[in-house]
file my_file.cif (mmCIF, C-alpha atoms and all ligand atoms)
data_query
loop_
_atom_site.label_atom_id
_atom_site.label_comp_id
_atom_site.auth_asym_id
_atom_site.auth_seq_id
_atom_site.Cartn_x
_atom_site.Cartn_y
_atom_site.Cartn_z
CA MET A 1 40.25 51.36 -11.55
CA GLY A 2 39.12 54.44 -9.66
CA ALA A 3 35.79 52.79 -8.79
CA ALA A 4 37.59 49.65 -7.58
CA ALA A 5 39.90 51.73 -5.38
CA THR A 6 36.90 53.54 -3.90
CA ARG A 7 35.24 50.20 -3.22
CA ILE A 8 38.32 48.87 -1.43
CA ARG A 9 38.54 52.07 0.61
CA SER A 10 34.87 51.72 1.58
CA ILE A 11 35.57 48.14 2.74
CA GLU A 12 38.29 49.58 4.93
CA VAL A 13 35.85 52.04 6.39
CA ARG A 14 33.08 49.57 7.03
CA LEU A 15 35.04 46.64 8.47
CA PRO A 16 35.61 46.77 12.21
CA ARG A 17 39.27 46.91 13.14
CA VAL A 18 40.70 43.53 14.09
CA SER A 19 43.75 43.25 16.32
CA PRO A 20 46.83 41.24 15.27
CA ALA A 21 46.21 38.93 18.26
CA ALA A 22 42.69 38.15 17.02
CA VAL A 23 44.00 37.26 13.54
CA ARG A 24 46.48 34.88 15.16
CA LYS A 25 43.71 33.21 17.17
CA VAL A 26 41.63 32.66 14.04
CA ALA A 27 44.72 31.22 12.31
CA LEU A 28 45.18 28.81 15.22
CA ALA A 29 41.52 27.80 14.94
CA ALA A 30 42.14 27.09 11.25
CA VAL A 31 45.11 24.84 12.10
CA VAL A 32 42.98 22.90 14.63
CA CYS A 33 40.01 22.60 12.24
CA TYR A 34 42.13 21.35 9.33
CA ALA A 35 43.92 18.82 11.54
CA LEU A 36 40.49 17.65 12.77
CA LEU A 37 39.26 17.40 9.20
CA MET A 38 42.06 14.97 8.32
CA VAL A 39 41.12 12.75 11.23
CA THR A 40 37.35 12.87 10.64
CA GLY A 41 37.89 12.31 6.91
CA GLY A 42 39.85 9.17 7.83
CA ALA A 43 37.04 8.06 10.16
CA VAL A 44 34.55 8.37 7.28
CA ARG A 45 36.63 6.11 5.08
CA LEU A 46 37.50 3.57 7.75
CA THR A 47 33.93 3.13 8.98
CA GLY A 48 32.78 2.71 5.39
CA SER A 49 30.63 5.83 5.69
CA GLY A 50 31.80 7.52 2.49
CA LEU A 51 28.40 7.15 0.88
CA GLY A 52 26.50 7.59 4.16
CA CYS A 53 25.31 10.81 2.61
CA PRO A 54 25.02 9.79 -1.05
CA ASP A 55 24.16 13.29 -2.30
CA TRP A 56 25.99 16.58 -2.29
CA PRO A 57 25.54 19.21 -0.89
CA SER A 58 22.37 17.74 0.66
CA CYS A 59 22.86 14.50 2.57
CA TYR A 60 20.05 12.42 1.12
CA HIS A 61 17.87 13.71 -1.72
CA HIS A 62 16.57 17.00 -0.37
CA ARG A 63 17.45 16.30 3.28
CA LEU A 64 20.34 18.42 4.51
CA THR A 65 20.84 16.35 7.68
CA ALA A 66 21.59 12.64 8.07
CA GLN A 67 19.29 9.85 9.17
CA LEU A 68 19.85 8.62 12.72
CA SER A 69 22.05 5.69 11.83
CA PHE A 70 25.80 5.15 12.17
CA ASN A 71 27.25 5.64 8.67
CA PRO A 72 25.17 8.67 7.63
CA MET A 73 25.94 10.27 11.02
CA VAL A 74 29.72 9.77 10.60
CA GLU A 75 29.66 11.26 7.10
CA PHE A 76 27.40 14.05 8.32
CA LEU A 77 29.78 14.82 11.22
CA ASN A 78 32.61 15.12 8.72
CA ARG A 79 30.53 17.52 6.68
CA LEU A 80 29.92 19.58 9.83
CA VAL A 81 33.69 19.79 10.38
CA THR A 82 33.93 20.91 6.74
CA VAL A 83 31.43 23.67 7.54
CA ALA A 84 33.56 24.72 10.54
CA VAL A 85 36.65 24.73 8.31
CA THR A 86 34.83 26.84 5.72
CA VAL A 87 33.64 29.35 8.30
CA VAL A 88 37.07 29.63 9.95
CA SER A 89 38.81 30.02 6.57
CA GLY A 90 36.40 32.81 5.58
CA LEU A 91 36.83 34.41 9.00
CA ALA A 92 40.62 34.28 8.67
CA PHE A 93 40.42 36.13 5.36
CA VAL A 94 38.01 38.77 6.68
CA ALA A 95 40.13 39.17 9.82
CA ALA A 96 43.29 39.63 7.70
CA LEU A 97 41.39 42.19 5.61
CA ALA A 98 40.21 44.09 8.69
CA ARG A 99 43.50 43.75 10.55
CA SER A 100 45.08 46.97 11.59
CA PRO A 101 47.62 47.38 10.04
CA ARG A 102 46.67 45.26 7.04
CA ARG A 103 49.43 42.94 5.84
CA ARG A 104 49.84 41.55 2.36
CA ASP A 105 51.42 38.23 3.48
CA LEU A 106 48.52 37.49 5.83
CA LEU A 107 46.03 38.36 3.10
CA TRP A 108 47.69 35.92 0.68
CA LEU A 109 47.91 33.14 3.24
CA SER A 110 44.33 33.53 4.43
CA GLY A 111 43.25 33.81 0.77
CA GLY A 112 45.02 30.46 0.31
CA LEU A 113 42.78 29.00 3.02
CA VAL A 114 39.67 30.24 1.24
CA GLY A 115 40.92 28.91 -2.11
CA GLY A 116 41.88 25.62 -0.47
CA VAL A 117 38.54 25.13 1.18
CA ALA A 118 36.72 25.97 -2.07
CA GLY A 119 38.88 23.33 -3.80
CA GLN A 120 38.11 20.85 -1.00
CA ILE A 121 34.37 21.40 -1.31
CA VAL A 122 34.41 20.92 -5.09
CA LEU A 123 36.76 17.91 -4.91
CA GLY A 124 34.80 16.37 -2.02
CA GLY A 125 31.62 16.68 -4.07
CA ILE A 126 33.26 15.02 -7.08
CA VAL A 127 34.59 12.23 -4.79
CA VAL A 128 31.04 11.46 -3.67
CA LEU A 129 29.60 11.76 -7.17
CA THR A 130 32.30 9.47 -8.65
CA LYS A 131 31.53 6.88 -5.96
CA LEU A 132 34.80 7.35 -4.03
CA ASN A 133 37.25 7.21 -6.90
CA PRO A 134 40.52 6.28 -5.07
CA TYR A 135 42.71 8.68 -7.06
CA LEU A 136 40.45 11.58 -6.13
CA VAL A 137 40.29 10.38 -2.50
CA ALA A 138 44.11 10.53 -2.47
CA CYS A 139 44.10 14.05 -3.98
CA HIS A 140 41.51 15.10 -1.38
CA PHE A 141 43.81 13.91 1.42
CA LEU A 142 46.89 15.60 -0.06
CA LEU A 143 45.04 18.87 -0.64
CA THR A 144 44.01 18.88 3.03
CA ILE A 145 47.68 18.60 4.00
CA ALA A 146 48.57 21.51 1.69
CA VAL A 147 45.89 23.73 3.23
CA LEU A 148 46.89 22.63 6.74
CA ALA A 149 50.45 23.74 5.92
CA ASP A 150 49.11 27.09 4.71
CA ALA A 151 47.22 27.51 8.00
CA ILE A 152 50.38 26.76 10.00
CA VAL A 153 52.40 29.34 8.07
CA LEU A 154 49.57 31.85 8.53
CA PHE A 155 49.60 31.19 12.29
CA HIS A 156 53.38 31.61 12.36
CA ARG A 157 53.46 34.84 10.34
CA ALA A 158 50.51 36.31 12.21
CA GLY A 159 52.72 36.21 15.30
CA LEU A 160 55.41 38.41 13.73
CA GLY A 161 55.54 42.13 14.30
CA ASP A 162 54.56 44.56 11.55
CA ALA A 163 57.81 46.51 11.10
CA PRO A 164 59.75 45.54 7.93
CA GLU A 165 62.74 44.36 9.99
CA GLU A 166 60.44 42.09 12.00
CA GLN A 167 59.07 40.64 8.77
CA SER A 168 62.38 39.88 7.14
CA SER A 169 63.93 36.61 8.18
CA VAL A 170 67.42 35.42 8.86
CA GLN A 171 68.54 31.92 8.00
CA LEU A 172 69.60 30.35 11.28
CA VAL A 173 71.44 27.40 9.80
CA GLY A 174 73.85 26.99 6.90
CA THR A 175 72.52 26.55 3.37
CA GLU A 176 73.42 22.84 3.30
CA LEU A 177 71.44 22.20 6.47
CA LYS A 178 68.54 24.22 5.15
CA TRP A 179 68.49 22.06 2.02
CA LEU A 180 68.74 18.94 4.13
CA GLY A 181 65.64 20.12 6.02
CA CYS A 182 63.80 20.81 2.75
CA ILE A 183 64.75 17.38 1.36
CA LEU A 184 63.57 15.76 4.56
CA VAL A 185 60.13 17.38 4.32
CA GLY A 186 60.08 16.59 0.58
CA VAL A 187 60.64 12.89 1.37
CA LEU A 188 57.86 13.13 3.96
CA GLY A 189 55.69 14.30 1.06
CA VAL A 190 56.73 11.28 -1.04
CA VAL A 191 56.04 8.83 1.82
CA THR A 192 52.65 10.47 2.42
CA SER A 193 51.74 10.30 -1.27
CA ILE A 194 52.68 6.62 -1.51
CA GLY A 195 50.62 6.08 1.67
CA THR A 196 47.54 7.37 -0.11
CA VAL A 197 48.18 4.87 -2.92
CA VAL A 198 48.43 2.08 -0.30
CA THR A 199 45.07 3.27 0.96
CA GLY A 200 43.63 3.36 -2.55
CA SER A 201 44.60 -0.24 -3.17
CA GLY A 202 43.71 -1.40 0.34
CA PRO A 203 40.60 -2.88 1.89
CA HIS A 204 39.16 0.38 3.26
CA ALA A 205 37.40 1.71 0.21
CA GLY A 206 35.21 4.09 2.16
CA ALA A 207 31.89 2.33 1.69
CA PRO A 208 30.70 -1.29 1.66
CA GLN A 209 31.68 -3.10 -1.54
CA THR A 210 28.80 -4.61 -3.48
CA LEU A 211 29.09 -6.99 -6.41
CA SER A 212 26.62 -5.03 -8.48
CA ASP A 213 28.26 -1.62 -7.94
CA PRO A 214 31.85 -2.13 -6.71
CA ILE A 215 33.97 0.80 -5.58
CA LYS A 216 36.96 1.30 -7.85
CA ARG A 217 40.36 0.45 -6.33
CA ILE A 218 43.87 1.30 -7.52
CA PRO A 219 45.02 -1.81 -9.42
CA ILE A 220 48.28 -2.45 -7.53
CA ALA A 221 48.83 -5.36 -5.13
CA PHE A 222 48.27 -4.01 -1.61
CA ARG A 223 51.28 -5.89 -0.29
CA ASP A 224 53.67 -4.56 -2.96
CA ILE A 225 52.72 -0.93 -2.50
CA ALA A 226 52.73 -1.29 1.30
CA VAL A 227 56.30 -2.62 1.05
CA LEU A 228 57.32 0.36 -1.12
CA HIS A 229 55.62 2.71 1.37
CA SER A 230 57.37 1.16 4.36
CA ASP A 231 60.75 1.16 2.55
CA ALA A 232 60.32 4.85 1.78
CA ALA A 233 59.29 5.42 5.42
CA LEU A 234 62.44 3.65 6.64
CA PHE A 235 64.53 5.80 4.31
CA LEU A 236 62.79 8.88 5.72
CA ILE A 237 63.48 7.79 9.28
CA GLY A 238 67.10 7.17 8.30
CA ILE A 239 67.68 10.61 6.79
CA THR A 240 65.88 12.22 9.72
CA LEU A 241 68.26 10.47 12.09
CA ALA A 242 71.21 11.58 9.93
CA SER A 243 69.85 15.15 9.89
CA LEU A 244 69.40 15.08 13.66
CA PHE A 245 73.06 14.22 13.92
CA ALA A 246 74.12 16.85 11.33
CA PHE A 247 72.15 19.64 13.06
CA HIS A 248 73.64 18.59 16.38
CA VAL A 249 77.23 18.55 15.06
CA ALA A 250 76.71 21.96 13.43
CA ARG A 251 75.37 23.16 16.81
CA ALA A 252 72.18 24.51 15.24
CA PRO A 253 69.93 26.59 17.51
CA THR A 254 68.39 24.52 20.29
CA ASN A 255 64.90 25.26 19.01
CA VAL A 256 65.76 23.79 15.60
CA GLN A 257 67.39 20.73 17.19
CA ARG A 258 64.37 20.25 19.44
CA ARG A 259 62.00 20.36 16.48
CA ILE A 260 63.93 17.86 14.40
CA ARG A 261 64.06 15.58 17.44
CA TRP A 262 60.26 15.74 17.74
CA LEU A 263 60.03 14.97 14.05
CA PHE A 264 62.25 11.93 14.46
CA GLU A 265 60.35 10.65 17.50
CA LEU A 266 57.01 11.07 15.74
CA MET A 267 58.35 9.24 12.70
CA VAL A 268 59.50 6.29 14.78
CA LEU A 269 56.03 6.11 16.36
CA GLN A 270 54.38 6.42 12.96
CA GLY A 271 56.55 3.69 11.49
CA THR A 272 55.77 1.40 14.44
CA LEU A 273 52.07 2.07 13.95
CA GLY A 274 52.42 1.39 10.24
CA TYR A 275 53.92 -2.07 10.80
CA THR A 276 51.37 -2.80 13.55
CA GLN A 277 48.46 -1.97 11.26
CA TYR A 278 49.97 -3.96 8.40
CA PHE A 279 50.43 -7.08 10.53
CA LEU A 280 46.95 -6.64 12.02
CA HIS A 281 45.57 -6.87 8.46
CA ASP A 282 44.97 -3.12 8.20
CA ALA A 283 42.87 -2.87 11.37
CA ALA A 284 40.70 0.24 11.00
CA ALA A 285 41.35 1.63 14.49
CA VAL A 286 45.12 1.52 13.99
CA VAL A 287 44.81 3.07 10.52
CA GLU A 288 42.89 5.96 12.10
CA VAL A 289 45.76 6.57 14.54
CA HIS A 290 48.18 6.30 11.58
CA ILE A 291 46.27 9.12 9.86
CA ALA A 292 46.38 11.21 13.06
CA GLY A 293 50.12 10.50 13.17
CA ALA A 294 50.56 11.68 9.57
CA THR A 295 48.70 14.88 10.49
CA MET A 296 50.97 15.50 13.48
CA LEU A 297 54.03 14.77 11.37
CA TRP A 298 53.00 17.48 8.93
CA VAL A 299 52.41 19.97 11.73
CA ALA A 300 55.85 19.10 13.11
CA GLY A 301 57.48 19.12 9.64
CA VAL A 302 56.19 22.56 8.66
CA GLY A 303 57.03 23.87 12.14
CA PHE A 304 60.55 22.52 11.73
CA LEU A 305 61.01 24.25 8.35
CA LEU A 306 59.74 27.52 9.81
CA SER A 307 62.19 27.24 12.70
CA LEU A 308 65.11 27.38 10.25
CA HIS A 309 64.53 31.11 9.91
CA GLY A 310 64.56 33.66 12.69
CA HIS A 311 63.02 37.08 12.82
CA ALA A 312 64.33 40.20 14.42
CA GLU A 313 62.54 41.29 17.52
CA ARG A 314 60.78 44.60 17.87
CA PRO A 315 63.42 46.96 19.29
CA ALA A 316 63.17 46.77 23.05
CA VAL A 317 64.62 50.19 23.73
CA ALA A 318 62.99 53.35 22.51
CA GLY A 319 64.94 54.96 19.72
CA ALA A 320 66.59 51.73 18.63
CA GLU A 321 64.42 51.18 15.56
CA ALA A 322 67.37 50.65 13.25
CA ALA A 323 68.87 48.02 15.47
CA SER A 324 67.44 44.94 13.89
CA SER A 325 67.66 45.74 10.23
CA PHE A 326 69.63 43.43 7.99
CA ALA A 327 71.32 43.97 4.68
CA VAL A 328 73.23 41.22 2.94
CA VAL A 329 76.78 42.32 2.39
CA GLY A 330 78.62 39.10 1.61
CA ALA A 331 81.33 39.85 4.12
CA PRO A 332 83.54 37.18 5.71
CA ALA A 333 82.47 35.52 8.87
CA THR A 334 83.86 37.51 11.70
CA GLU A 335 80.94 38.14 13.93
CA VAL A 336 77.84 36.38 14.97
CA VAL A 337 74.12 36.69 14.69
CA SER A 338 72.74 34.20 17.12
CA ALA A 339 69.26 32.88 17.31
CA VAL A 340 67.49 32.73 20.61
CA ASN A 341 65.40 29.68 20.92
CA GLY A 342 62.24 28.49 22.47
CA ALA A 343 60.04 31.27 21.14
CA PRO A 344 58.96 30.08 17.71
CA ALA A 345 56.61 32.94 16.84
CA THR A 346 59.01 35.68 17.78
CA GLU A 347 62.36 34.14 17.19
CA VAL A 348 64.91 36.76 17.80
CA VAL A 349 68.23 37.59 16.35
CA SER A 350 70.94 39.01 18.45
CA ALA A 351 74.16 40.69 17.51
CA VAL A 352 77.00 39.13 19.43
CA GLU A 353 80.49 40.24 18.83
CA GLY A 354 83.46 37.92 18.63
CA GLY A 355 82.29 34.32 18.56
CA THR A 356 80.07 32.25 20.75
CA ASP A 357 80.49 33.86 24.13
CA GLY A 358 77.57 35.54 25.79
CA ARG A 359 75.00 33.12 24.52
CA SER A 360 72.89 30.89 26.67
CA ASP A 361 70.63 28.66 24.59
CA SER A 362 71.40 30.35 21.34
CA ALA A 363 73.24 28.87 18.42
CA ALA A 364 76.91 28.19 18.32
CA VAL A 365 78.77 29.18 15.24
CA PRO A 366 81.11 26.78 13.57
CA GLU A 367 84.19 27.87 11.81
CA GLY A 368 83.69 29.34 8.42
CA GLY A 369 80.12 30.37 9.10
CA GLU A 370 78.52 31.99 6.14
CA SER A 371 78.18 35.73 5.95
CA LEU A 372 74.66 36.89 6.42
CA GLY A 373 74.47 40.59 6.56
CA THR A 374 74.89 43.70 8.55
CA VAL A 375 73.32 44.57 11.84
CA THR A 376 73.22 48.31 12.04
CA ALA A 377 73.71 49.63 15.50
CA GLY A 378 71.26 52.33 16.38
CA GLY A 379 71.48 52.82 20.10
CA GLY A 380 70.33 50.80 23.10
CA GLY A 381 72.25 47.83 24.45
CA THR A 382 73.04 44.34 23.31
CA ASP A 383 71.51 41.74 25.55
CA SER A 384 72.84 38.54 24.15
CA ARG A 385 71.26 36.42 26.87
CA ARG A 386 67.81 37.64 25.99
CA GLY A 387 68.69 37.69 22.35
CA SER A 388 67.47 41.18 21.77
CA ALA A 389 68.65 42.70 18.53
CA VAL A 390 69.56 45.91 20.23
CA PRO A 391 73.19 46.92 19.87
CA GLU A 392 75.33 48.43 22.55
CA PRO A 393 75.33 52.12 23.32
CA GLY A 394 78.11 54.15 21.88
CA GLU A 395 78.12 52.15 18.67
CA ALA A 396 75.30 53.95 16.96
CA GLY A 397 75.57 53.83 13.22
CA GLN A 398 78.40 51.29 13.25
CA PRO A 399 77.59 48.47 10.90
CA ARG A 400 78.51 44.99 12.09
CA LYS A 401 79.12 42.04 9.91
CA ALA A 402 76.99 39.11 10.86
CA VAL A 403 77.26 35.43 10.11
CA ARG A 404 74.62 32.90 9.60
CA THR A 405 74.60 30.43 12.46
CA THR A 406 74.84 26.85 11.42
C1 LIG B 501 56.97 8.13 8.72
C2 LIG B 501 56.38 7.09 8.27
C3 LIG B 501 55.01 7.03 7.65
C4 LIG B 501 54.15 8.00 7.21
C5 LIG B 501 54.36 9.50 7.22
C6 LIG B 501 52.97 7.34 6.72
C7 LIG B 501 51.87 7.98 6.18
C8 LIG B 501 50.78 7.35 5.65
C9 LIG B 501 49.68 8.00 5.02
C10 LIG B 501 49.54 9.50 4.86
C11 LIG B 501 48.81 7.05 4.63
C12 LIG B 501 47.49 7.29 3.86
C13 LIG B 501 46.35 7.57 4.77
C14 LIG B 501 45.10 7.82 3.98
O1 LIG B 501 45.14 7.99 2.76
O2 LIG B 501 44.03 7.88 4.59
C15 LIG B 501 49.34 5.78 4.99
C16 LIG B 501 48.73 4.57 4.77
C17 LIG B 501 49.27 3.37 5.13
N1 LIG B 501 50.48 3.16 5.74
FE1 LIG B 501 51.82 4.56 6.33
N2 LIG B 501 53.14 5.99 6.87
C18 LIG B 501 54.36 5.76 7.43
C19 LIG B 501 54.93 4.56 7.72
C20 LIG B 501 54.36 3.32 7.45
C21 LIG B 501 55.00 2.05 7.66
C22 LIG B 501 56.42 1.83 8.18
C23 LIG B 501 54.12 1.10 7.30
C24 LIG B 501 54.38 -0.38 7.36
C25 LIG B 501 53.95 -1.24 6.50
C26 LIG B 501 52.89 1.78 6.87
C27 LIG B 501 51.74 1.17 6.43
C28 LIG B 501 50.66 1.81 5.90
C29 LIG B 501 49.47 1.12 5.38
C30 LIG B 501 49.23 -0.37 5.38
C31 LIG B 501 48.60 2.11 4.92
C32 LIG B 501 47.22 1.90 4.29
C33 LIG B 501 46.15 2.11 5.33
C34 LIG B 501 44.79 2.08 4.73
O3 LIG B 501 44.34 1.01 4.33
O4 LIG B 501 44.18 3.13 4.63
N3 LIG B 501 53.09 3.12 6.97
N4 LIG B 501 50.55 5.99 5.62
#
call {"tool": "encode", "arguments": {"input": "my_file.cif", "output": "structure tokens", "more": "lines below"}}
Ligand code: HEM
result
Amino acid sequence: MGAAATRIRSIEVRLPRVSPAAVRKVALAAVVCYALLMVTGGAVRLTGSGLGCPDWPSCYHHRLTAQLSFNPMVEFLNRLVTVAVTVVSGLAFVAALARSPRRRDLLWLSGGLVGGVAGQIVLGGIVVLTKLNPYLVACHFLLTIAVLADAIVLFHRAGLGDAPEEQSSVQLVGTELKWLGCILVGVLGVVTSIGTVVTGSGPHAGAPQTLSDPIKRIPIAFRDIAVLHSDAALFLIGITLASLFAFHVARAPTNVQRRIRWLFELMVLQGTLGYTQYFLHDAAAVVEVHIAGATMLWVAGVGFLLSLHGHAERPAVAGAEAASSFAVVGAPATEVVSAVNGAPATEVVSAVEGGTDGRSDSAAVPEGGESLGTVTAGGGGTDSRRGSAVPEPGEAGQPRKAVRTT
């Protein structure tokens, strides 16, 4: 125990200090690399290059690099992106470790990237060795989405300040709307999972089919599963449209409404692409765009979920440290905490007394808003237009009830 503690301390001494901004940049690189990996992975399958490098981790027997022909090069390119993803994931973890100050949430999230990439490498190897087993190909795709989501959350949290009140979040919409958002992203998960089954039963097995050594396919009629997938997609588009309406009626923060609108627009595009590819007999080029669309939908979906919570801003006025702290008190809705929008990484919470006045693009509060907590005034001034969580002077120490904006 003592030896382990000494070892950890010595790591602290030896690692160069990394700034919070640098950690955020590495997290952004991880988001980009994982999104790229989904698209290049799709390109491998659609060009039939899955066995372009038949060995793992070498490409062909003892050769690490591919021959100069199309399929091995595509598979090799995908492996290079995997290397980039591995390096960036490792870097993100080391950067979180060396970050000053070190933060437990960033360590866990960057550790998730390392774990995810290790899982991807092992699973990718088994996919090649099992000659592109379609169930494992589907798991490979879904795992990439999970790690991409982890990278997005890491990027988001790396942008938050280090003070405890900056870490804690405030729900910006009512509980029902929050659940609606979670259900929506859950259904996106179901549609995506069924999509991978469509792929597994479809014509793009990932490598040329031979009679002597055929690539296993999922034994479901392509048409039937494609119909189920498109029905689920239509349901998803329907509940997204309904949610868009519900968030609008509840006058949710503009940022939240904007994100759900993006989600809806992307879904309509994705659905259109889906039908186009189906009626073009699963044309590979359209399928590739469909995969890119699914990737963007997940980026937008996770971003939307994150936007449902706001974080208090670092106190803008010296001596106002206590201004943005929250404690749940369960009090009736009499006052407002409004969310200022348009700044996803540093969403701010402002204390606004007496209803919806004084807000610009912040949330409106419907009647019967749910009690959220107390904003403790600690000096400084309330700037409800900027959304700063700094209370007005002369009210130091006066707790204010706050309501969740819906
Ligand atoms: C929001 C809506 C949709 C989402 C999120 C979505 C997502 C996906 C995903 C993730 C895949 C699997 C990709 C892979 O494993 O490489 C897929 C495959 C597929 N999707 Fe969709 N999809 C949507 C709508 C549709 C619609 C409306 C259709 C219309 C029929 C459709 C047709 C297909 C087909 C045919 C495939 C198989 C492509 C292949 O052979 O690889 N999709 N979809």
call {"tool": "residues_near_ligand", "arguments": {"input": "my_file.cif", "ligand": "ligand LIG 501 (chain B)", "cutoff": "8 Å", "atoms": "all atoms listed in the file", "output": "ChimeraX atom specification"}}
result
/A:41-42,45-46,137-138,141,188-189,191-204,222,226-227,229-234,236-237,266-279,282,284,287-288,290-291,293-295,297
call {"tool": "atom_distance", "arguments": {"input": "my_file.cif", "atom1": "CA of Arg79 in chain A", "atom2": "CA of Leu64 in chain A"}}
result
10.5 Å
call {"tool": "atom_distance", "arguments": {"input": "my_file.cif", "atom1": "CA of Ala95 in chain A", "atom2": "CA of Val23 in chain A"}}
result
5.7 Å
call {"tool": "atom_distance", "arguments": {"input": "my_file.cif", "atom1": "CA of Val44 in chain A", "atom2": "CA of Val114 in chain A"}}
result
23.3 Å
call {"tool": "axis_aligned_box", "arguments": {"input": "my_file.cif", "around": "range 244-254 of chain A", "padding_each_side": "6 Å", "output": "JSON"}}
result
{"center_x": 72.8, "center_y": 20.4, "center_z": 15.8, "size_x": 20.8, "size_y": 24.4, "size_z": 21.0}
call {"tool": "closest_residue", "arguments": {"input": "my_file.cif", "among": "A:Leu132, A:Cys59, A:Ala84, A:Val187", "to": "Ala205 in chain A", "atoms": "all atoms listed in the file"}}
result
A:Leu132
call {"tool": "residues_around", "arguments": {"input": "my_file.cif", "residues": "Asp55 in chain A", "least_positions_apart": "5", "cutoff": "8 Å", "atoms": "only C-alpha atoms", "output": "NGL selection string"}}
result
:A and (60-61 or 128-129)
call {"tool": "closest_residue", "arguments": {"input": "my_file.cif", "among": "A:Val39, A:Ile126, A:Val289, A:Leu308", "to": "Pro54 in chain A", "atoms": "all atoms listed in the file"}}
result
A:Ile126
call {"tool": "closest_residue", "arguments": {"input": "my_file.cif", "among": "A:Ala29, A:Leu241, A:Val83, A:Leu177", "to": "Glu265 in chain A", "atoms": "all atoms listed in the file"}}
result
A:Leu241
call {"tool": "residues_near_point", "arguments": {"input": "my_file.cif", "point": "(75.1, 16.2, 11.9)", "cutoff": "12 Å", "atoms": "all atoms listed in the file", "output": "mmCIF file with C-alpha atoms, keeping the file's coordinate frame"}}
result
data_model
loop_
_atom_site.group_PDB
_atom_site.id
_atom_site.type_symbol
_atom_site.label_atom_id
_atom_site.label_comp_id
_atom_site.auth_asym_id
_atom_site.auth_seq_id
_atom_site.Cartn_x
_atom_site.Cartn_y
_atom_site.Cartn_z
ATOM 1 C CA VAL A 173 71.440 27.400 9.800
ATOM 2 C CA GLY A 174 73.850 26.990 6.900
ATOM 3 C CA GLU A 176 73.420 22.840 3.300
ATOM 4 C CA LEU A 177 71.440 22.200 6.470
ATOM 5 C CA LEU A 180 68.740 18.940 4.130
ATOM 6 C CA GLY A 181 65.640 20.120 6.020
ATOM 7 C CA ILE A 239 67.680 10.610 6.790
ATOM 8 C CA THR A 240 65.880 12.220 9.720
ATOM 9 C CA LEU A 241 68.260 10.470 12.090
ATOM 10 C CA ALA A 242 71.210 11.580 9.930
ATOM 11 C CA SER A 243 69.850 15.150 9.890
ATOM 12 C CA LEU A 244 69.400 15.080 13.660
ATOM 13 C CA PHE A 245 73.060 14.220 13.920
ATOM 14 C CA ALA A 246 74.120 16.850 11.330
ATOM 15 C CA PHE A 247 72.150 19.640 13.060
ATOM 16 C CA HIS A 248 73.640 18.590 16.380
ATOM 17 C CA VAL A 249 77.230 18.550 15.060
ATOM 18 C CA ALA A 250 76.710 21.960 13.430
ATOM 19 C CA ARG A 251 75.370 23.160 16.810
ATOM 20 C CA ALA A 252 72.180 24.510 15.240
ATOM 21 C CA GLN A 257 67.390 20.730 17.190
ATOM 22 C CA ILE A 260 63.930 17.860 14.400
ATOM 23 C CA THR A 406 74.840 26.850 11.420
#
call {"tool": "residues_near_point", "arguments": {"input": "my_file.cif", "point": "(58.7, 28.0, 11.9)", "cutoff": "12 Å", "atoms": "only C-alpha atoms", "output": "VMD selection string"}}
result
chain A and resid 149 152 to 160 169 to 172 255 to 256 259 to 260 299 to 311 341 to 347
